[in-house]
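S.K.: TSV, C-alpha atoms, saved as protein-v7.tsv, coming up:
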```
chain	number	residue	atom	x	y	z
A	90	MET	CA	-130.29	-250.60	-16.47
A	91	SER	CA	-132.18	-248.48	-13.91
A	92	GLN	CA	-132.99	-245.91	-16.67
A	93	MET	CA	-134.90	-248.59	-18.56
A	94	LYS	CA	-138.65	-248.67	-18.26
A	95	ILE	CA	-140.87	-251.68	-17.64
A	96	VAL	CA	-142.79	-250.86	-20.81
A	97	PHE	CA	-139.71	-251.95	-22.81
A	98	PHE	CA	-140.43	-255.56	-21.76
A	99	LEU	CA	-144.23	-255.38	-21.77
A	100	LEU	CA	-146.20	-257.98	-23.71
A	101	PRO	CA	-149.51	-256.08	-24.04
A	102	LYS	CA	-152.82	-257.50	-22.86
A	103	SER	CA	-153.97	-257.87	-26.48
A	104	GLU	CA	-151.21	-260.48	-26.99
A	105	VAL	CA	-151.75	-262.35	-23.71
A	106	ILE	CA	-154.17	-265.26	-23.33
A	107	CYS	CA	-156.26	-264.33	-20.28
A	108	LEU	CA	-159.09	-266.10	-18.53
A	109	THR	CA	-161.94	-264.86	-16.33
A	110	PRO	CA	-163.53	-266.43	-13.25
A	111	GLU	CA	-166.47	-267.41	-15.52
A	112	THR	CA	-164.26	-269.39	-17.91
A	113	THR	CA	-165.19	-273.07	-17.70
A	114	LEU	CA	-162.66	-275.68	-16.67
A	115	ARG	CA	-162.96	-277.29	-20.10
A	116	GLN	CA	-162.21	-273.99	-21.88
A	117	THR	CA	-159.29	-273.45	-19.52
A	118	LEU	CA	-157.80	-276.89	-20.14
A	119	GLU	CA	-158.22	-276.55	-23.89
A	120	ARG	CA	-156.63	-273.08	-24.05
A	121	MET	CA	-153.71	-274.07	-21.85
A	122	GLU	CA	-153.11	-277.21	-23.89
A	123	PHE	CA	-153.41	-275.41	-27.25
A	124	HIS	CA	-151.00	-272.62	-26.25
A	125	ARG	CA	-148.81	-274.94	-24.16
A	126	TYR	CA	-149.02	-272.64	-21.15
A	127	THR	CA	-148.40	-273.81	-17.61
A	128	ALA	CA	-149.82	-270.63	-16.07
A	129	VAL	CA	-152.36	-268.04	-17.26
A	130	PRO	CA	-153.50	-264.68	-15.85
A	131	VAL	CA	-157.10	-264.49	-14.66
A	132	LEU	CA	-158.85	-261.12	-14.92
A	133	ASN	CA	-161.96	-259.89	-13.16
A	134	ASN	CA	-164.80	-258.44	-15.26
A	135	ASP	CA	-163.58	-254.90	-14.50
A	136	GLY	CA	-160.18	-255.69	-16.02
A	137	THR	CA	-158.30	-255.97	-12.74
A	138	TYR	CA	-155.89	-258.82	-12.16
A	139	ALA	CA	-157.45	-261.63	-10.08
A	140	GLY	CA	-154.50	-264.03	-9.98
A	141	THR	CA	-152.53	-266.55	-11.97
A	142	LEU	CA	-153.94	-270.00	-12.59
A	143	THR	CA	-151.35	-272.79	-12.82
A	144	GLU	CA	-151.48	-276.38	-13.97
A	145	GLY	CA	-150.93	-277.32	-10.33
A	146	ASP	CA	-154.01	-275.37	-9.27
A	147	LEU	CA	-156.09	-277.40	-11.73
A	148	LEU	CA	-154.46	-280.69	-10.76
A	149	TRP	CA	-155.05	-280.26	-7.02
A	150	PHE	CA	-158.58	-278.98	-7.60
A	151	LEU	CA	-159.48	-282.02	-9.72
A	152	LYS	CA	-157.77	-284.39	-7.24
A	153	ASN	CA	-159.78	-282.94	-4.34
A	154	ASN	CA	-163.08	-282.94	-6.27
A	155	MET	CA	-163.43	-286.47	-7.56
A	156	HIS	CA	-166.98	-285.80	-8.77
A	157	ILE	CA	-165.53	-283.57	-11.52
A	158	THR	CA	-164.59	-285.55	-14.60
A	159	PHE	CA	-163.40	-284.31	-17.97
A	160	GLU	CA	-166.90	-284.97	-19.30
A	161	ASN	CA	-168.44	-282.45	-16.88
A	162	THR	CA	-165.69	-279.80	-16.78
A	163	HIS	CA	-167.90	-277.56	-18.92
A	164	ARG	CA	-170.25	-277.26	-15.89
A	165	HIS	CA	-167.56	-275.82	-13.60
A	166	SER	CA	-165.88	-272.43	-13.71
A	167	LEU	CA	-162.54	-271.06	-12.59
A	168	SER	CA	-164.26	-269.21	-9.76
A	169	GLU	CA	-164.30	-272.58	-7.97
A	170	VAL	CA	-160.54	-273.12	-8.25
A	171	PRO	CA	-158.31	-271.62	-5.53
A	172	PHE	CA	-154.95	-270.14	-6.54
A	173	ARG	CA	-152.12	-271.79	-4.61
A	174	LEU	CA	-149.61	-269.03	-5.33
A	175	GLN	CA	-150.11	-265.31	-4.90
A	176	THR	CA	-148.40	-263.91	-7.98
A	177	LYS	CA	-147.38	-260.31	-7.36
A	178	THR	CA	-148.00	-257.54	-9.87
A	179	VAL	CA	-145.85	-254.57	-10.77
A	180	ARG	CA	-147.10	-251.12	-11.76
A	181	ILE	CA	-146.10	-249.88	-15.19
A	182	ASP	CA	-144.36	-246.87	-13.59
A	183	ALA	CA	-142.41	-248.93	-11.02
A	184	ASN	CA	-138.63	-249.04	-11.14
A	185	MET	CA	-136.70	-251.85	-12.79
A	186	GLU	CA	-135.46	-253.12	-9.43
A	187	ASP	CA	-139.05	-253.98	-8.48
A	188	LEU	CA	-139.49	-255.91	-11.73
A	189	ILE	CA	-136.18	-257.76	-11.37
A	190	SER	CA	-136.99	-258.89	-7.82
A	191	LEU	CA	-140.32	-260.36	-9.02
A	192	VAL	CA	-139.04	-261.92	-12.24
A	193	GLN	CA	-136.52	-263.89	-10.18
A	194	VAL	CA	-139.34	-265.87	-8.56
A	195	GLN	CA	-142.15	-265.73	-11.16
A	196	ASN	CA	-142.21	-266.99	-14.77
A	197	PHE	CA	-144.04	-263.80	-15.69
A	198	VAL	CA	-144.97	-260.64	-13.87
A	199	PRO	CA	-148.45	-259.16	-14.42
A	200	VAL	CA	-148.29	-255.41	-15.08
A	201	VAL	CA	-151.06	-253.05	-13.94
A	202	ASP	CA	-151.75	-249.36	-14.43
A	203	ASP	CA	-152.40	-246.78	-11.72
A	204	MET	CA	-156.05	-247.96	-11.53
A	205	ASP	CA	-154.92	-251.60	-11.00
A	206	LYS	CA	-156.17	-252.56	-14.48
A	207	PHE	CA	-154.21	-255.37	-16.09
A	208	ILE	CA	-152.23	-254.08	-19.09
A	209	GLY	CA	-149.94	-257.02	-19.87
A	210	ILE	CA	-147.10	-259.16	-18.63
A	211	VAL	CA	-143.34	-259.19	-18.53
A	212	ARG	CA	-141.92	-262.65	-19.20
A	213	ARG	CA	-138.87	-263.80	-17.28
A	214	SER	CA	-137.41	-265.18	-20.51
A	215	ASP	CA	-137.48	-261.72	-22.15
A	216	VAL	CA	-135.62	-260.14	-19.24
A	217	ILE	CA	-133.01	-262.92	-19.23
A	218	GLU	CA	-132.59	-262.64	-23.00
A	219	TYR	CA	-132.01	-258.89	-22.72
A	220	CYS	CA	-129.50	-259.33	-19.88
A	221	ALA	CA	-127.66	-262.03	-21.81
A	222	LYS	CA	-127.30	-259.74	-24.87
A	223	PHE	CA	-126.13	-256.92	-22.60
A	224	MET	CA	-123.54	-259.19	-20.96
A	225	LEU	CA	-122.35	-260.69	-24.24
A	226	LYS	CA	-121.95	-257.22	-25.73
A	227	GLY	CA	-119.65	-256.34	-22.80
A	228	ILE	CA	-117.61	-259.51	-23.35
A	229	THR	CA	-117.03	-258.88	-27.05
A	230	ASN	CA	-116.03	-255.20	-26.57
```
Could you take the file, read its structure, and then write that structure out as structure tokens?
M.R.:
Amino acid sequence: MSQMKIVFFLLPKSEVICLTPETTLRQTLERMEFHRYTAVPVLNNDGTYAGTLTEGDLLWFLKNNMHITFENTHRHSLSEVPFRLQTKTVRIDANMEDLISLVQVQNFVPVVDDMDKFIGIVRRSDVIEYCAKFMLKGITN
């Protein structure tokens, strides 16, 4: 598996729902609900990865800011919400061992290029699915 490249698992940026620090809380809640996501990458204006926003981040932010109600979430942006977890990225040219170590502890791994620009994600489920097929192929042979 070490000959494999990370790009094999890459879900490109064009297919990933991403947010920016300027995205309002209302837009964030609506997008996460519509797509049924529990975590979403946040990108800076220059295309670099800023972090991953989770449902928990939103929950704790709203709990600790009682003046924010659903009716006024359109007045607040993601730049106000701290990320509780520091999701690590992997470079597109990194080795598979680096990806595997991250996918063990993250639902998805953000992938960046050599300029630290976000280019997509690798989902844990895709890596597990590939490994399962690989293992099952070995069992049936």
S.K.: When you count all atoms listed in the file, which of these residues is closest to Pro171 of chain A: A:Thr141, A:Ser190, A:Gln195, A:Gln116?
M.R.: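 Between A:Thr141, A:Ser190, A:Gln195, A:Gln116, the residue approaching Pro171 of chain A most closely is A:Thr141.
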S.K.: What is the atom CA of Tyr138 of chain A to atom CA of Cys220 of chain A distance in Å?
M.R.: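 Computing the Euclidean distance for atom CA of Tyr138 of chain A and atom CA of Cys220 of chain A yields 27.5 Å.
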S.K.: Restricting the calculation to all atoms listed in the file, which member of A:Phe172, A:Leu148, A:Asp215, A:Val96 is positioned closest to Met185 of chain A?
M.R.: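 Closest to Met185 of chain A, using all atoms listed in the file: A:Val96.
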S.K.: Neighbours of Pro101 of chain A within 9 Å (all atoms listed in the file; same-chain residues fewer than 4 positions away dropped), as a list of chain:residue names?
M.R.: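 Everything that qualifies: A:Val105, A:Ile208, A:Gly209, A:Ile210, A:Val211.
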S.K.: From the list A:Lys152, A:His165, A:Phe197, A:Glu111, which residue is nearest Thr127 of chain A when using only C-alpha atoms?
M.R.: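 Result for the nearest residue to Thr127 of chain A: A:Phe197.
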S.K.: Go through A:Thr112, A:Asn134, A:Ser103, A:Thr143 one by one, measure the shortest atom-to-atom distance of each to Leu174 of chain A using all atoms listed in the file, and give the residue with the smallest value.
M.R.: A:Thr143
S.K.: Report the distance between atom CA of Leu118 of chain A and atom CA of His163 of chain A in Å, rounded to one decimal place.
M.R.: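 Between atom CA of Leu118 of chain A and atom CA of His163 of chain A the gap is 10.2 Å.
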S.K.: With 3 Å of padding per side, what axis-aligned box (centre and edge lengths, Å, one decimal) covers all the listed atoms of segment 187-200 of chain A? Give it as AutoDock Vina command-line options.
M.R.:
```
--center_x -142.3 --center_y -260.5 --center_z -11.8 --size_x 18.3 --size_y 19.0 --size_z 13.9
```
S.K.: Near Met121 of chain A, counting only C-alpha atoms, which residues have an atom at most 12 Å away, once you skip same-chain residues fewer than 2 positions from it, shown as a PyMOL selection string?
M.R.: chain A and resi 106-108+114-119+123-130+142-144+147
S.K.: Go ahead and compute the interatomic distance for atom CA of Asn154 of chain A and atom CA of Ser166 of chain A, in Å to one decimal.
M.R.: 13.2 Å
S.K.: Let me make sure I understand: among A:Phe98, A:Glu218, A:Thr113, A:Lys226, which one has the smallest atom-to-atom distance to Arg164 of chain A if we use all atoms listed in the file?
M.R.: A:Thr113
S.K.: Give the answer as one residue: which of A:Ala221, A:Leu99, A:Asp146, A:Glu186 has the shortest atom-to-atom distance to Leu167 of chain A, using only C-alpha atoms?
M.R.: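 Nearest candidate to Leu167 of chain A out of A:Ala221, A:Leu99, A:Asp146, A:Glu186: A:Asp146.
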S.K.: Only C-alpha atoms needed: put segment 92-216 of chain A from the block into a file as a compact mmCIF listing (two decimals), in the first residue's frame.
M.R.:
```txt
# COMPACT_ATOMS: atom_id res chain seq x y z
CA GLN A 92 3.17 2.74 -3.43
CA MET A 93 -0.32 4.22 -3.43
CA LYS A 94 -0.67 7.97 -3.60
CA ILE A 95 -2.90 10.19 -1.49
CA VAL A 96 -4.47 11.55 -4.67
CA PHE A 97 -6.17 8.15 -5.15
CA PHE A 98 -8.41 8.95 -2.15
CA LEU A 99 -8.75 12.70 -2.73
CA LEU A 100 -12.22 14.24 -2.82
CA PRO A 101 -11.38 17.49 -4.67
CA LYS A 102 -12.17 20.91 -3.26
CA SER A 103 -14.84 21.41 -5.95
CA GLU A 104 -16.83 18.55 -4.36
CA VAL A 105 -16.32 19.60 -0.73
CA ILE A 106 -18.64 21.98 1.11
CA CYS A 107 -16.31 24.59 2.60
CA LEU A 108 -16.97 27.64 4.72
CA THR A 109 -15.00 30.86 5.29
CA PRO A 110 -14.52 32.92 8.45
CA GLU A 111 -17.05 35.39 6.97
CA THR A 112 -19.79 32.76 6.65
CA THR A 113 -22.63 33.62 9.02
CA LEU A 114 -23.70 31.26 11.76
CA ARG A 115 -27.10 30.92 10.11
CA GLN A 116 -25.55 29.95 6.75
CA THR A 117 -23.30 27.49 8.57
CA LEU A 118 -26.16 25.84 10.44
CA GLU A 119 -28.28 25.61 7.31
CA ARG A 120 -25.48 24.10 5.19
CA MET A 121 -24.51 21.58 7.85
CA GLU A 122 -28.14 20.56 8.33
CA PHE A 123 -28.85 20.32 4.59
CA HIS A 124 -25.76 18.18 3.88
CA ARG A 125 -25.99 16.33 7.22
CA TYR A 126 -22.37 17.12 8.04
CA THR A 127 -21.02 17.09 11.57
CA ALA A 128 -17.78 18.83 10.58
CA VAL A 129 -16.83 21.19 7.73
CA PRO A 130 -13.49 22.63 6.55
CA VAL A 131 -13.06 26.39 6.92
CA LEU A 132 -10.84 28.15 4.38
CA ASN A 133 -9.19 31.54 4.58
CA ASN A 134 -9.72 34.01 1.72
CA ASP A 135 -6.35 33.02 0.22
CA GLY A 136 -7.47 29.39 -0.05
CA THR A 137 -5.43 28.11 2.88
CA TYR A 138 -6.97 25.76 5.40
CA ALA A 139 -8.07 27.59 8.59
CA GLY A 140 -9.48 24.65 10.53
CA THR A 141 -12.42 22.31 10.83
CA LEU A 142 -15.66 23.51 12.36
CA THR A 143 -17.64 20.85 14.25
CA GLU A 144 -21.16 20.70 15.62
CA GLY A 145 -19.57 20.77 19.07
CA ASP A 146 -17.78 24.03 18.28
CA LEU A 147 -21.15 25.61 17.42
CA LEU A 148 -22.89 24.09 20.43
CA TRP A 149 -20.32 25.32 22.96
CA PHE A 150 -20.14 28.74 21.29
CA LEU A 151 -23.92 29.18 21.47
CA LYS A 152 -24.01 27.87 25.07
CA ASN A 153 -21.36 30.39 26.14
CA ASN A 154 -22.96 33.31 24.26
CA MET A 155 -26.54 33.34 25.46
CA HIS A 156 -27.22 36.65 23.68
CA ILE A 157 -27.00 34.79 20.34
CA THR A 158 -30.32 33.28 19.33
CA PHE A 159 -31.29 31.56 16.12
CA GLU A 160 -33.07 34.76 15.09
CA ASN A 161 -29.82 36.75 15.17
CA THR A 162 -27.35 34.12 13.90
CA HIS A 163 -27.21 35.98 10.59
CA ARG A 164 -25.41 38.82 12.44
CA HIS A 165 -22.54 36.61 13.62
CA SER A 166 -19.76 35.02 11.59
CA LEU A 167 -17.57 31.95 11.99
CA SER A 168 -14.61 34.18 12.79
CA GLU A 169 -16.13 34.45 16.28
CA VAL A 170 -16.24 30.68 16.86
CA PRO A 171 -13.11 29.00 18.27
CA PHE A 172 -12.16 25.55 16.96
CA ARG A 173 -11.90 23.06 19.82
CA LEU A 174 -9.87 20.53 17.83
CA GLN A 175 -6.78 21.18 15.76
CA THR A 176 -7.38 19.00 12.72
CA LYS A 177 -4.08 18.18 11.05
CA THR A 178 -3.56 18.42 7.30
CA VAL A 179 -1.54 16.21 5.00
CA ARG A 180 0.37 17.36 1.91
CA ILE A 181 -0.66 15.81 -1.38
CA ASP A 182 2.88 14.44 -1.83
CA ALA A 183 3.12 12.92 1.67
CA ASN A 184 3.45 9.18 2.10
CA MET A 185 0.49 6.92 2.83
CA GLU A 186 1.74 6.25 6.36
CA ASP A 187 1.20 9.93 7.20
CA LEU A 188 -2.36 9.76 5.87
CA ILE A 189 -3.15 6.52 7.72
CA SER A 190 -1.94 7.90 11.05
CA LEU A 191 -4.25 10.94 10.65
CA VAL A 192 -7.28 9.09 9.32
CA GLN A 193 -7.22 6.92 12.45
CA VAL A 194 -8.11 9.93 14.60
CA GLN A 195 -9.97 12.25 12.18
CA ASN A 196 -13.18 11.65 10.20
CA PHE A 197 -11.51 13.37 7.26
CA VAL A 198 -8.05 14.67 6.55
CA PRO A 199 -7.69 18.04 4.78
CA VAL A 200 -5.16 17.86 1.93
CA VAL A 201 -2.98 20.83 0.99
CA ASP A 202 -0.51 21.51 -1.81
CA ASP A 203 3.09 22.69 -1.42
CA MET A 204 1.83 26.28 -0.98
CA ASP A 205 -0.53 25.17 1.86
CA LYS A 206 -3.58 25.78 -0.35
CA PHE A 207 -6.51 23.50 0.42
CA ILE A 208 -7.10 21.07 -2.46
CA GLY A 209 -9.58 18.61 -0.93
CA ILE A 210 -10.12 15.98 1.71
CA VAL A 211 -9.59 12.29 2.26
CA ARG A 212 -12.51 10.69 4.10
CA ARG A 213 -11.83 8.01 6.66
CA SER A 214 -14.72 5.97 5.23
CA ASP A 215 -13.05 5.84 1.79
CA VAL A 216 -9.79 4.55 3.24
```
